[in-house]
Amino acid sequence: MELKFSNDSINLQVLREFCKQEGEAVVYRKGEQMEREGEPSKWFGFVAEGCFKYTVRGIDDEREHITWISFDGEFVGDYPAGLNGRPAQNTIEAMAPSRVFRVSCEQLLKWFDENSERMELRSIIGEYFLWQIKGRYLDFFRATPRQRYKMLLQRCPGIVHLLDLQDIASFLCITPQMLSKIRKGITFETKQ
């Protein structure tokens, strides 16, 4: 499953510190939106606590589909859209009470433009996001729904307390009924 930004991956401490020092601490209530699909992408931040879901609407059914989740200790925002002045491709919504150190995309661009090391960091971050997205995409082919669910539980063990069953199913691209069967199978497997 997609990788979480961590101290074991690329060194993003400088970006975290920028968000904390230059940004504002913003508290989002459950259900509050940070970005809205189709509107100008404005924000980028570091999640100090809480989590956010990224959703898109289906073309024909207008249903909400969860495409990504940012947990505490990760970054949140539509990075490419914000840096390129484009509309957000996702609606980004708090799934629980959340606190974010948030900067505007304009602030972030100016900060990157200040020196060549930061411009290189901008490129590395873009590559890393691409790596994460590609990993998630490949998981749809190389992992079963059960395996994807287990990987999600490894990434965020408490997710079952944060998300409704249908939200987890949407993120895994399966039906809620299939997720129920998977969860039931895992429960019986661990009791044996």
# chains A, B, ... in the order shown; residues from 1 in each chain; ligands from 1
$ select_by_dssp --residues "chain A" --states "alpha helix (DSSP H)" --output "VMD selection string"
chain A and resid 13 to 22 79 to 83 105 to 113 116 to 142 145 to 155 159 to 162 165 to 172 176 to 191
$ residues_around --residues "Arg99 of chain A" --least-positions-apart "5" --cutoff "6 Å" --atoms "only C-alpha atoms" --output "short mmCIF file (atom, residue, chain, number, x, y, z; two decimals) with C-alpha atoms, in the first residue's frame"
data_model
loop_
_atom_site.label_atom_id
_atom_site.label_comp_id
_atom_site.auth_asym_id
_atom_site.auth_seq_id
_atom_site.Cartn_x
_atom_site.Cartn_y
_atom_site.Cartn_z
CA VAL A 26 -5.96 25.46 12.03
CA VAL A 27 -8.44 23.15 13.72
CA ALA A 48 -0.37 17.44 13.68
CA GLU A 49 -3.35 15.34 14.76
#
$ residues_around --residues "Ala96 of chain A" --least-positions-apart "4" --cutoff "7 Å" --atoms "only C-alpha atoms" --output "ChimeraX atom specification"
/A:29-30,50-51,162
$ closest_residue --among "A:Glu37, A:Glu189, A:Glu22, A:Asp61" --to "Phe101 of chain A" --atoms "only C-alpha atoms"
A:Glu22
$ residues_around --residues "Glu24 of chain A" --least-positions-apart "6" --cutoff "9 Å" --atoms "only C-alpha atoms" --output "PyMOL selection string"
chain A and resi 100-103
$ atom_distance --atom1 "atom CA of Asp60 of chain A" --atom2 "atom CA of Gln166 of chain A"
19.1 Å
$ atom_distance --atom1 "atom CA of Asp167 of chain A" --atom2 "atom CA of Arg142 of chain A"
21.8 Å
$ residues_around --residues "Tyr79 of chain A" --least-positions-apart "4" --cutoff "9 Å" --atoms "only C-alpha atoms" --output "list in words"
Ser41, Trp43, Phe44, Leu83, Asn84, Cys105, Gly126 and Phe129 of chain A
$ write_last_selection --atoms "C-alpha atoms" --output "short mmCIF file (atom, residue, chain, number, x, y, z; two decimals), in the first residue's frame"
data_model
loop_
_atom_site.label_atom_id
_atom_site.label_comp_id
_atom_site.auth_asym_id
_atom_site.auth_seq_id
_atom_site.Cartn_x
_atom_site.Cartn_y
_atom_site.Cartn_z
CA SER A 41 -6.46 24.76 -4.59
CA TRP A 43 -3.73 25.12 1.08
CA PHE A 44 -0.95 22.75 2.01
CA LEU A 83 1.72 24.57 -7.03
CA ASN A 84 0.41 24.92 -10.56
CA CYS A 105 0.15 27.43 -1.81
CA GLY A 126 6.66 15.63 -6.38
CA PHE A 129 3.92 11.75 -4.25
#
$ residues_around --residues "Leu15 of chain A" --least-positions-apart "6" --cutoff "10 Å" --atoms "only C-alpha atoms" --output "list of chain:residue names"
A:Gln21, A:Gly45, A:Phe46, A:Phe75, A:Leu108, A:Trp111, A:Phe112, A:Arg118, A:Leu121, A:Arg122, A:Ile125
$ atom_distance --atom1 "atom CA of Thr67 of chain A" --atom2 "atom CA of Lys53 of chain A"
7.6 Å
$ select_by_dssp --residues "segment 81-181 of chain A" --states "strand (DSSP E)" --output "MDAnalysis selection string"
chainID A and resid 91:94 98:104
